[in-house]
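Please read the structure below before turning to the comments.
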Amino acid sequence: MAESPTTTYYDIPLLKRPLWRWEIAWYFFLEGISSGTYLLGVIAELLDRERNQELVQAARYASIAAILPCPPLLIADLGRPERFAHMLRVFKPSSPMNFGAWALTAYSGPVALLAGSQMAADKSRLLPSQVRSVLKHVPERLTGVAGVPAALAMMAYPGVLLSTTSIPVWSRTRVLGALFACSSFSAAAAVLSFVLHYRDADDRLLRKLRKVELLASGAEGVALAGYLLTSGGGAKPLISGRYAKHVFIGAVVGGILLPALIGGKGKRRGLFAAALTIAGSFALKWAVVHAGRDSADDAAGSHEAALPNESATGWKSKYRVSGT
Amino acid sequence: MSNVLEVFARPEPPPAKQEMGFFTDTSLCIGCKACEVACKQWNQLPADGLEWTGHSYDNTVMLSDTTWRHVAFVEQFDSKGAGRWLMMSDVCKHCRQAPCQEACPTGSIIYNEFGNVYVQQDICNGCGYCVAACPFGVLDRNEEDGRAHKCTLCYDRQKDDMEPACAKACPTDSILFGPISEMKQHAEKRVEQLHARGETDAYIYGAERAGEYSELNSIFLLKDKPQAYNLPEAPRRPAAHMKKSYAFSFGAAIFLGAMSALLLSGDE
Amino acid sequence: MPGLGTSFGRGAATTFQEDLQNSDCILIMGSNMAEAHPVGFRFVMKARENGAKIMHVDPHFSRTSAMCNEYVPIRTGTDIAFLGGIIHYILENDRWFKEYVLAYTNAATIINGDYTDAEELGGVFNGLQREERRYDQKVAAWNYAGEPKQPKNQTDQAIKAQSFSERLGHLENPVPPQDPTLQDPMCVFQILKRHYARYLAEKVAEICGCSQQQFLSVAESLCANSGRERTSAIVYAVGWTQHTTGVQIIRAAGIVQLLLGNMGRPGGGIMAMRGHASIQGSTDIPTLYDILPGYIPQPATMRDHGTLKDYLKQEEVSTGYWANLPKFMVSLLKAWYGEAAKKENDHGFGWVPRIDANYSQLPAFLRMAQGKVKGLFLFGQNPAAGAPNAKLNRKALMQLDWLVVRDWFEIESASFWYKGPEKPDPKAIKTEIFFLPAASNAEKDGSFTNTQRLLQWHDKAVDPPGDCRSDAWFVFQLGKRLKKLYAESQQKRDQGLLNLTWDYDHDRMQELPDGSLSKIIGEPDMEKILKEINGYTVKEGKHVAGFSELKDDGSTACGCWIYSGVFPEPGRNRARSRKRDAQNPTSPDWGFAWPHNRRMMYNRASADPEGKPWSERKKYMWWDEAAKRWTGVDTPDFEPDKPPSYRATNESRGMDAISGDAPFIMKPDGRAWLFAPMGTKDGPLPTHYEPMESPVPNLLYPEQASPLAEVFKDDLNQLAMAMDPEYPIVGTTYRLTEHYLSGPMSRFNSWLNELQPEMFVELSPELAQQRGITHGGWMVIWNKRAAIEARAMVTGRVQSLTVNGRTLHQIGIPFHWGFAGETVGSMANDLTSMVADPNVSMHEAKAFTCNVRAGRVGDADVADKFSAWPTRAKSPDTPESDQPEGQAI
Ligand SMILES: Nc1nc2c(c(=O)[nH]1)N[C@H]1C(S)=C(S)[C@@H](COP(=O)(O)OP(=O)(O)OC[C@H]3O[C@@H](n4cnc5c(=O)[nH]c(N)nc54)[C@H](O)[C@@H]3O)O[C@H]1N2
Ligand SMILES: Nc1nc2c(c(=O)[nH]1)N[C@H]1C(S)=C(S)[C@@H](COP(=O)(O)OP(=O)(O)OC[C@H]3O[C@@H](n4cnc5c(=O)[nH]c(N)nc54)[C@H](O)[C@@H]3O)O[C@H]1N2
Ligand code: SF4
Ligand code: SF4
Ligand code: SF4
Ligand code: SF4
Ligand code: SF4
Ligand SMILES: [Mo]
């Protein structure tokens, strides 16, 4: 029948599919690890550079390694890659993406300096000796502290970016940013834990790190629950869609519960638990980013998500359609 | 090189003029699609394919990067053949506070001197943020040229004191174009007129602010629920909730940072 | 359009579209105006917004129906029953406009006592010669009392087409006997009453398939919105004409409008919506075989047309405006033959080709199919897909020796020899085809005459690309070459060609709007042609100001008298004028309307017999006693200074025979004809007949279908018997806004193709369920002539009807597809047949019977004698699109 269903228009999507794909999922994952490891590194350095030496070193390398693929990923995602610099044409806080671009720019200096300084200290052959000698003079603590706001921003903005759209699965909630931040933090802690386990680092440090891991994972779990609850029907593509397994098996079971059970008991289990957490974080971000498409495709869901409430009142109210 | 730098230059915008907009009166639409074709011709947009949908007479399905006017057809008939056939020409809403504009990281999307939301094609880098931001599903990125496109409200024609191509082509004045204040007055009168005639289902979509969402500079007279035409009943303005999101998000990051500091500093 | 010509005097829309906004009620019937005339529909919408009631009576609920206050479904081909019902309703309830009817129609006129109505003879009139498919007027006696039974300009020869003069009619006595009390049983009014006595509401409902209430509401709305203070208009198009009873349907509408007093009045009239650009122009300056420009009859061998004098004697109508025929004819001959046209040689009358048979499209193509035609020029026509029984048309084209196709695209009619449903073998087809690319309208000067007789000039914007040339260029050059070829000929038959004036060369190089010079060599100067059409004095070559200046002594030349006045002086081409007049709603300086820039015809009737407006609200033209002139917003369609009090006598001739209160100046008695004593071959009064193919018996008369309808016999043109149970479904064809005719002008354009990319058929949910057809799936439609396939559009807009107590299904078939172009699809016209209205040889594409099933052609035994076609694949070699588009981003 050529008749339209009562609630939607031939079930044709109300919204356009977001264009972001694997590049952005990877970007959110990597930049989260980078900013998280950066923060942990700086904290560790400020607390006790000497005792936390291994952690600081690992954090500096992890944060640079994770951030390096990010610009190419971002650029590849653009429709017009050669115009990536247009992101910095304006400073526009209303746009989380613009905010993110500035944050990334601001973040890139400290993260690079710290990593360089570390390489200089480690006498890395990757750097020419002249460069090393310059980098030796980097004021590490100052640089590290200077980069903290940018690193916090890098951790905080991705979820907010997704939230500040019209896609129901992202935008009905206010805690997606927090969820991503927690996930980033736990993945970062796991990355450091993995490296330190691998390098058979000091047990005490590993135990402390384990606590941080548990804290971040726990926070991630709480945030995830909060996200799913506050998203209401919007979370449908994650709860019952094809990404449900990513969320429940990948992120919850694999990324939070299992590592909590098996971690902290020796190198192999530690390595395994850390890897699981990292994978869980990736699964979560992958799922959330990709679920945007399914969410936009769901015509009825999009309309449902746009029903009036106290703050969004809509335009039908003035002249009520009789019988509806 | 000068070209590359030019986009970073921010020359003085032209002085603001009277805000212009559309009033699309669906009660006058005969579904002739002249607006769709006029828009494609004026803007030299390609056809989107030759697929028969069976959705009444709507074979263009939705607004897109290459379809900036789209006529919806809604058949509502009972088994006895009584009923009505609604037609509605959809277009970018030119929101006064437009989510696409707020989202755009490059400043490509601006409000031009006519108060219309305009994508500057020399600036857009195809990040796709506006696509996800628009609550009406208007914008899309073109696969071939990598930029986001939508109705320009015929900025080029307006600058030459011409009315938009779609409005010009509309044979029944279903699409009216003019100063938005006049459009709103006209719309108001029109609804009164229809109500007096017994057509009490008529109402205006988008003329005033609806909670967090701004008024539209492209308003519609509708005769059924917005959903029937694939319009959101109560669109949200994404940026309205951004601060709160940031607060939670930064809060979480700082909390975790601080807690980690505590945990790392402890002597067990 | 003899339906209008016979009733009112001229075969064209009586009003103009802008005037529809002044209507209080509009009945759209047989027209899908919103889809086929969307721009003109603006004025219907304005009327609706002004509070007018808009009604649509149509087999399918279209975009037009969606805009109307009331939609009434009807079985296709039953309009005479419906309109007859309205006539009955008006008469029965005394709703007719008495002063108007008495004064301006022939209601009171007495008819020959021997006349016998169809009511008494089972649906036919007396004098029927069934075998010959004609009425013998000597027996039929439809004429006015006191007149010879057979009027002088009527023939009973085999010629099927009537001359325009015949349609106008001819009277010896312009003041025929009348009974103003309307009591005489032989007066038109009483005959009318008797003829429609059984067209009762319940009968209408039973025949048409609508409900009684629906019918009554339409009838009552028309009545309530007519009279002194209010007017109603009727809009029709090919939903009425494309029937074997088409002319009579229009006649019936004429009767309704006359009884209600709506003719010649603002917001009234009958708006005939014509077809493609300048189709009106191509009847005014005809591409038809039986008339010369300005509706002057084509000389014919089977009439007494030996000399000019004989011709004029037979064709002139001595009373009324047609008494001027000698002036128009002689001026035409002067325009054509110039110097060579002399009094001594009958102004070259002998050179004008005579017709000896019906050469209209259908019989011509039938003859072609029989191999009797050698060559054909196709200028902008696509019979291989667009003409009824396209299959037979394709067969006809295959029998030609040569075929010249001048077109924008390689259309079906130019590619039938290698593609199409017959899967033809090119080697087996002898037709040699010359494809000549044609210029488009923006690439040439010229004029369009639109549906309201308005001439609008267009100037060439650019030169056509490549080898494309205008049609005028082609004809002009062909003429030059033919004249050269035959220059030495002494043959009598060649003298007409040799003496033809053919001097339209540009005096200097043509300048284009951008200031550059045209690169086309040999393009004729269209304004020279327009001057010839307008008319000029032979000696001085001075433009005439209008047809009243034309003479019958050879001192004036005029190529088309009705257009005279369009170019009254050098440099003043009124068709080019585009002035809107805020003061005057008729905008007299926007283009030029024939005749003599009259926007509304018969507008004398907008005033009462004394010359005063019927009402203040409906004021239009009136008699200004002080100035002794007719005045108002339009040009009077009347002698401007003839007072209302003037009275003709039976001795009066010419325009003197038209009284001051007789608005229909083309008719020999100055009155509109409720009853047509002559002019329609198939009866003086519209009578309900079923379409040639119908699953329903005639519920009013024993006579099933029109006894005069033309049937063309051919193996490929078989008809289903009435009520053939194999074909229980009624099919009708129509247009979609998105496409144009058989499609060449839209299916080569992706912007239009994307809007309606595929052939579909509309059917009701009930029928779909019955036959297991799913929405969006494939279905097959077949009848005796073909089987085609289409996507099924199952929609509540199409409803089953209850006809004769039974459920009847109708399906709607758009006819825009074919096998050339960017989108291809089955042709509706493979299903339609070649049968025709006896008056105008119009086909019946709007009504035939068929059957349907789910599936595709060739996948079941039922229709396997037809080949499976088309494939979904695009035809090879089809250009993506020849329109500039879509390169911007
Ligand atoms: N977009 C577009 N516009 C066009 C054209 C085109 O192809 N496309 N063609 C032009 C041409 S050449 C012409 S002639 C005109 C034609 O213009 P229209 O006559 O308006 O065109 P159609 O759609 O063929 O038919 C009109 C209506 O008649 C109905 N009908 C069929 N049979 C009957 C009947 O027996 N009784 C009644 N009451 N209604 C019936 C059909 O359902 C249809 O709605 O349009 C012109 N305008
Ligand atoms: N089943 C069914 N069949 C119908 C009808 C129907 O309602 N139902 N309607 C009938 C009616 S009303 C009509 S008018 C006919 C129309 O039938 P056709 O007259 O065959 O109309 P088209 O199919 O448009 O073909 C016109 C051709 O002219 C070409 N052309 C356009 N402009 C020019 C020009 O300037 N010069 C030249 N040389 N060529 C040009 C176009 O490209 C196109 O190929 O169809 C009839 N057929
Ligand atoms: S409708 Fe969408 S694209 Fe148009 S201005 Fe509003 S947010 Fe932007
Ligand atoms: S795609 Fe272009 S217009 Fe849209 S947000 Fe990105 S830069 Fe702005
Ligand atoms: S205003 Fe211009 S760009 Fe926008 S829909 Fe109309 S024609 Fe297209
Ligand atoms: S042009 Fe006007 S009437 Fe036609 S579809 Fe568009 S809005 Fe409707
Ligand atoms: S195509 Fe031309 S003639 Fe037909 S409705 Fe449109 S403007 Fe009028
Ligand atoms: Mo036509």
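By convention in this document, the chains of the structure tokens carry letters A, B, ... by their order, each chain's residues are numbered from 1, and ligands are numbered from 1 in the order they are shown.
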Residues of chain C no more than 8 Å from chain B, counting only C-alpha atoms: send them over as a ChimeraX atom specification.
-> /C:34-35,38-42,45,63-64,66-67,737-738,750-758,775-776,793,795-799,823,885-889
Can you write out the residues you just picked, keeping C-alpha atoms, as an mmCIF file, in the first residue's frame?
data_model
loop_
_atom_site.group_PDB
_atom_site.id
_atom_site.type_symbol
_atom_site.label_atom_id
_atom_site.label_comp_id
_atom_site.auth_asym_id
_atom_site.auth_seq_id
_atom_site.Cartn_x
_atom_site.Cartn_y
_atom_site.Cartn_z
ATOM 1 C CA ALA C 34 -3.150 20.276 -11.567
ATOM 2 C CA GLU C 35 -0.891 17.713 -13.198
ATOM 3 C CA PRO C 38 -0.083 23.188 -13.220
ATOM 4 C CA VAL C 39 0.584 26.806 -14.035
ATOM 5 C CA GLY C 40 -2.961 27.499 -15.130
ATOM 6 C CA PHE C 41 -4.164 25.626 -12.076
ATOM 7 C CA ARG C 42 -2.895 28.584 -10.082
ATOM 8 C CA MET C 45 -6.380 27.592 -6.483
ATOM 9 C CA ARG C 63 -3.179 15.628 -7.587
ATOM 10 C CA THR C 64 -6.073 17.627 -9.028
ATOM 11 C CA ALA C 66 -6.418 16.369 -3.843
ATOM 12 C CA MET C 67 -6.873 20.105 -4.293
ATOM 13 C CA THR C 737 3.197 16.069 -14.056
ATOM 14 C CA GLU C 738 6.704 14.712 -14.231
ATOM 15 C CA SER C 750 17.519 12.808 -15.647
ATOM 16 C CA TRP C 751 16.055 15.625 -13.570
ATOM 17 C CA LEU C 752 12.604 14.529 -14.652
ATOM 18 C CA ASN C 753 13.381 10.826 -14.774
ATOM 19 C CA GLU C 754 14.432 10.757 -11.153
ATOM 20 C CA LEU C 755 11.012 12.081 -10.203
ATOM 21 C CA GLN C 756 9.129 9.231 -11.898
ATOM 22 C CA PRO C 757 11.686 6.679 -12.993
ATOM 23 C CA GLU C 758 9.498 3.761 -13.816
ATOM 24 C CA HIS C 775 2.405 -2.969 -4.003
ATOM 25 C CA GLY C 776 5.683 -2.319 -5.739
ATOM 26 C CA MET C 793 1.052 1.127 -7.411
ATOM 27 C CA THR C 795 -3.307 2.853 -3.674
ATOM 28 C CA GLY C 796 -6.454 3.943 -1.942
ATOM 29 C CA ARG C 797 -6.673 6.685 -4.512
ATOM 30 C CA VAL C 798 -8.150 4.153 -6.898
ATOM 31 C CA GLN C 799 -11.363 2.587 -5.752
ATOM 32 C CA THR C 823 14.318 5.361 -18.551
ATOM 33 C CA GLU C 885 22.814 19.398 -15.918
ATOM 34 C CA GLY C 886 24.478 18.353 -12.816
ATOM 35 C CA GLN C 887 28.093 19.219 -13.336
ATOM 36 C CA ALA C 888 28.277 21.840 -10.636
ATOM 37 C CA ILE C 889 29.561 19.819 -7.771
#
Could you report the residues within 8 Å of ligand 3, using only C-alpha atoms and all ligand atoms, as number ranges by chain?
-> B: 91-101, 116-118, 130-131, 133-139, 150-151, 216
I need the residues from that last selection saved to file as a PDB file, in the first residue's frame (with C-alpha atoms), if you can.
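File written: again.pdb
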ATOM      1  CA  VAL B  91      13.706  22.496   2.461  1.00  0.00           C
ATOM      2  CA  CYS B  92      16.417  23.576   4.902  1.00  0.00           C
ATOM      3  CA  LYS B  93      14.780  25.338   7.830  1.00  0.00           C
ATOM      4  CA  HIS B  94      17.366  28.101   8.040  1.00  0.00           C
ATOM      5  CA  CYS B  95      17.196  27.906  11.814  1.00  0.00           C
ATOM      6  CA  ARG B  96      17.875  31.237  13.454  1.00  0.00           C
ATOM      7  CA  GLN B  97      20.196  29.476  15.843  1.00  0.00           C
ATOM      8  CA  ALA B  98      21.260  26.627  13.666  1.00  0.00           C
ATOM      9  CA  PRO B  99      22.795  23.465  15.077  1.00  0.00           C
ATOM     10  CA  CYS B 100      24.732  22.997  11.884  1.00  0.00           C
ATOM     11  CA  GLN B 101      26.235  26.431  12.212  1.00  0.00           C
ATOM     12  CA  ASN B 116      20.110  32.664   6.107  1.00  0.00           C
ATOM     13  CA  VAL B 117      22.283  29.728   7.023  1.00  0.00           C
ATOM     14  CA  TYR B 118      24.892  29.405   4.335  1.00  0.00           C
ATOM     15  CA  CYS B 130      26.968  19.553  10.529  1.00  0.00           C
ATOM     16  CA  VAL B 131      25.501  16.397   9.007  1.00  0.00           C
ATOM     17  CA  ALA B 133      24.120  18.061  14.044  1.00  0.00           C
ATOM     18  CA  CYS B 134      21.125  19.026  11.943  1.00  0.00           C
ATOM     19  CA  PRO B 135      17.974  17.758  13.663  1.00  0.00           C
ATOM     20  CA  PHE B 136      16.093  17.825  10.363  1.00  0.00           C
ATOM     21  CA  GLY B 137      18.442  15.603   8.383  1.00  0.00           C
ATOM     22  CA  VAL B 138      18.982  18.333   5.838  1.00  0.00           C
ATOM     23  CA  LEU B 139      22.695  18.417   5.202  1.00  0.00           C
ATOM     24  CA  LYS B 150      22.246  22.199   1.332  1.00  0.00           C
ATOM     25  CA  CYS B 151      19.865  24.913   0.245  1.00  0.00           C
ATOM     26  CA  LEU B 216      13.020  28.988  11.869  1.00  0.00           C
TER      27      LEU B 216
END
Output the neighbourhood of ligand 5 as JSON, numbers by chain, that is, all protein and nucleic acid residues with some atom at most 6 Å from the ligand, counting only C-alpha atoms and all ligand atoms.
-> {"B": [39, 68, 69, 91, 151, 152, 153, 154, 164, 165, 166]}
Quick one: pick out all strand (DSSP E or B) residues within region 26-220 of chain B from a backbone DSSP run and write them as number ranges by chain.
-> B: 69-77, 83-91, 95, 109-111, 117-119, 140-141, 148-149, 175-179, 203-205, 210, 213, 216, 218-220
Please, which residues of chain B lie no more than 6 Å from chain A when the count uses only C-alpha atoms, and can they be set out as a PyMOL selection string?
-> chain B and resi 8+55-56+75+102-103+105-106+125-127+132-133+135+137+146-147+201+203+205+210-212+227-228+230+232-235+238-239+245+248-250+252-253+260-261+264
Residues within 6 Å of ligand 2 (only C-alpha atoms and all ligand atoms), as a ChimeraX atom specification?
-> /C:275-276,379-383,386-388,406-409,411,438-441,471,733-734,740-745,815,828-829,845
Export of the given selection (N, CA, C and O atoms) as a tab-separated table (two decimals), in the first residue's frame:
chain	number	residue	atom	x	y	z
C	275	GLY	N	-3.54	20.84	-25.41
C	275	GLY	CA	-2.41	19.98	-25.11
C	275	GLY	C	-1.08	20.65	-25.21
C	275	GLY	O	-0.86	21.71	-24.65
C	276	HIS	N	-0.18	20.02	-25.96
C	276	HIS	CA	1.19	20.51	-25.98
C	276	HIS	C	1.26	21.91	-26.57
C	276	HIS	O	0.35	22.38	-27.23
C	379	PHE	N	7.38	15.40	-37.91
C	379	PHE	CA	7.89	16.60	-37.26
C	379	PHE	C	7.38	16.62	-35.84
C	379	PHE	O	6.23	16.95	-35.61
C	380	GLY	N	8.21	16.27	-34.91
C	380	GLY	CA	7.76	16.41	-33.53
C	380	GLY	C	6.57	15.55	-33.19
C	380	GLY	O	5.62	16.01	-32.57
C	381	GLN	N	6.61	14.34	-33.60
C	381	GLN	CA	5.54	13.43	-33.19
C	381	GLN	C	6.14	12.05	-33.04
C	381	GLN	O	7.07	11.68	-33.78
C	382	ASN	N	5.58	11.28	-32.10
C	382	ASN	CA	6.18	9.99	-31.79
C	382	ASN	C	5.14	8.88	-31.78
C	382	ASN	O	4.86	8.29	-30.73
C	383	PRO	N	4.55	8.60	-32.92
C	383	PRO	CA	3.46	7.62	-32.95
C	383	PRO	C	3.87	6.22	-32.52
C	383	PRO	O	3.03	5.46	-32.06
C	386	GLY	N	3.41	6.98	-28.73
C	386	GLY	CA	2.40	7.89	-28.20
C	386	GLY	C	1.02	7.74	-28.82
C	386	GLY	O	0.04	8.21	-28.25
C	387	ALA	N	0.94	7.11	-29.96
C	387	ALA	CA	-0.35	7.05	-30.61
C	387	ALA	C	-1.11	5.81	-30.17
C	387	ALA	O	-0.50	4.79	-29.84
C	388	PRO	N	-2.43	5.88	-30.16
C	388	PRO	CA	-3.21	4.71	-29.75
C	388	PRO	C	-2.88	3.53	-30.65
C	388	PRO	O	-2.72	3.68	-31.86
C	406	ARG	N	12.26	14.45	-37.85
C	406	ARG	CA	12.94	15.64	-37.32
C	406	ARG	C	12.61	15.72	-35.84
C	406	ARG	O	11.46	15.91	-35.46
C	407	ASP	N	13.60	15.55	-35.02
C	407	ASP	CA	13.32	15.52	-33.58
C	407	ASP	C	14.57	15.89	-32.81
C	407	ASP	O	15.66	15.98	-33.36
C	408	TRP	N	14.37	16.11	-31.51
C	408	TRP	CA	15.51	16.43	-30.65
C	408	TRP	C	16.31	15.17	-30.31
C	408	TRP	O	17.48	15.24	-30.02
C	409	PHE	N	15.61	14.06	-30.26
C	409	PHE	CA	16.24	12.83	-29.80
C	409	PHE	C	15.93	11.69	-30.76
C	409	PHE	O	15.00	11.76	-31.55
C	411	ILE	N	14.06	9.09	-31.06
C	411	ILE	CA	12.86	8.61	-30.37
C	411	ILE	C	12.44	7.23	-30.88
C	411	ILE	O	13.03	6.70	-31.81
C	438	ALA	N	16.44	18.53	-34.72
C	438	ALA	CA	15.62	19.75	-34.73
C	438	ALA	C	16.09	20.73	-33.67
C	438	ALA	O	16.59	20.33	-32.62
C	439	ALA	N	15.92	21.99	-33.98
C	439	ALA	CA	16.22	23.03	-33.00
C	439	ALA	C	15.12	23.05	-31.95
C	439	ALA	O	13.99	22.65	-32.21
C	440	SER	N	15.45	23.51	-30.77
C	440	SER	CA	14.42	23.62	-29.73
C	440	SER	C	13.85	25.03	-29.74
C	440	SER	O	14.35	25.92	-30.42
C	441	ASN	N	12.81	25.23	-28.95
C	441	ASN	CA	12.09	26.50	-29.02
C	441	ASN	C	12.95	27.70	-28.63
C	441	ASN	O	12.74	28.79	-29.13
C	471	ASP	N	12.35	23.90	-37.55
C	471	ASP	CA	11.42	23.28	-38.50
C	471	ASP	C	11.10	24.25	-39.63
C	471	ASP	O	10.94	23.84	-40.78
C	733	THR	N	-6.04	5.80	-19.37
C	733	THR	CA	-4.65	6.27	-19.41
C	733	THR	C	-4.62	7.75	-19.07
C	733	THR	O	-5.58	8.47	-19.31
C	734	TYR	N	-3.51	8.17	-18.50
C	734	TYR	CA	-3.41	9.59	-18.19
C	734	TYR	C	-1.97	10.04	-18.01
C	734	TYR	O	-1.04	9.27	-18.19
C	740	TYR	N	6.20	13.99	-20.08
C	740	TYR	CA	5.51	14.63	-21.17
C	740	TYR	C	5.19	13.65	-22.28
C	740	TYR	O	6.09	13.11	-22.92
C	741	LEU	N	3.90	13.42	-22.48
C	741	LEU	CA	3.41	12.59	-23.57
C	741	LEU	C	4.15	11.27	-23.64
C	741	LEU	O	4.35	10.62	-22.64
C	742	SER	N	4.55	10.86	-24.85
C	742	SER	CA	5.18	9.53	-24.92
C	742	SER	C	6.60	9.57	-24.36
C	742	SER	O	7.28	8.56	-24.36
C	743	GLY	N	7.04	10.73	-23.91
C	743	GLY	CA	8.26	10.76	-23.11
C	743	GLY	C	9.52	11.36	-23.70
C	743	GLY	O	10.45	11.64	-22.96
C	744	PRO	N	9.61	11.59	-25.01
C	744	PRO	CA	10.89	12.10	-25.51
C	744	PRO	C	11.34	13.37	-24.81
C	744	PRO	O	12.54	13.56	-24.58
C	745	MET	N	10.40	14.22	-24.47
C	745	MET	CA	10.81	15.49	-23.89
C	745	MET	C	11.08	15.39	-22.39
C	745	MET	O	11.52	16.34	-21.78
C	815	PHE	N	0.86	6.98	-19.55
C	815	PHE	CA	1.29	6.52	-20.89
C	815	PHE	C	2.62	7.12	-21.33
C	815	PHE	O	2.87	7.27	-22.50
C	828	ALA	N	1.70	2.11	-22.61
C	828	ALA	CA	0.26	1.99	-22.42
C	828	ALA	C	-0.43	1.88	-23.77
C	828	ALA	O	-1.45	1.20	-23.91
C	829	ASN	N	0.15	2.53	-24.75
C	829	ASN	CA	-0.52	2.57	-26.05
C	829	ASN	C	-0.43	1.27	-26.83
C	829	ASN	O	-1.00	1.16	-27.91
C	845	ALA	N	-8.43	6.46	-26.24
C	845	ALA	CA	-7.37	6.00	-25.33
C	845	ALA	C	-7.80	6.06	-23.88
C	845	ALA	O	-7.14	5.53	-23.00
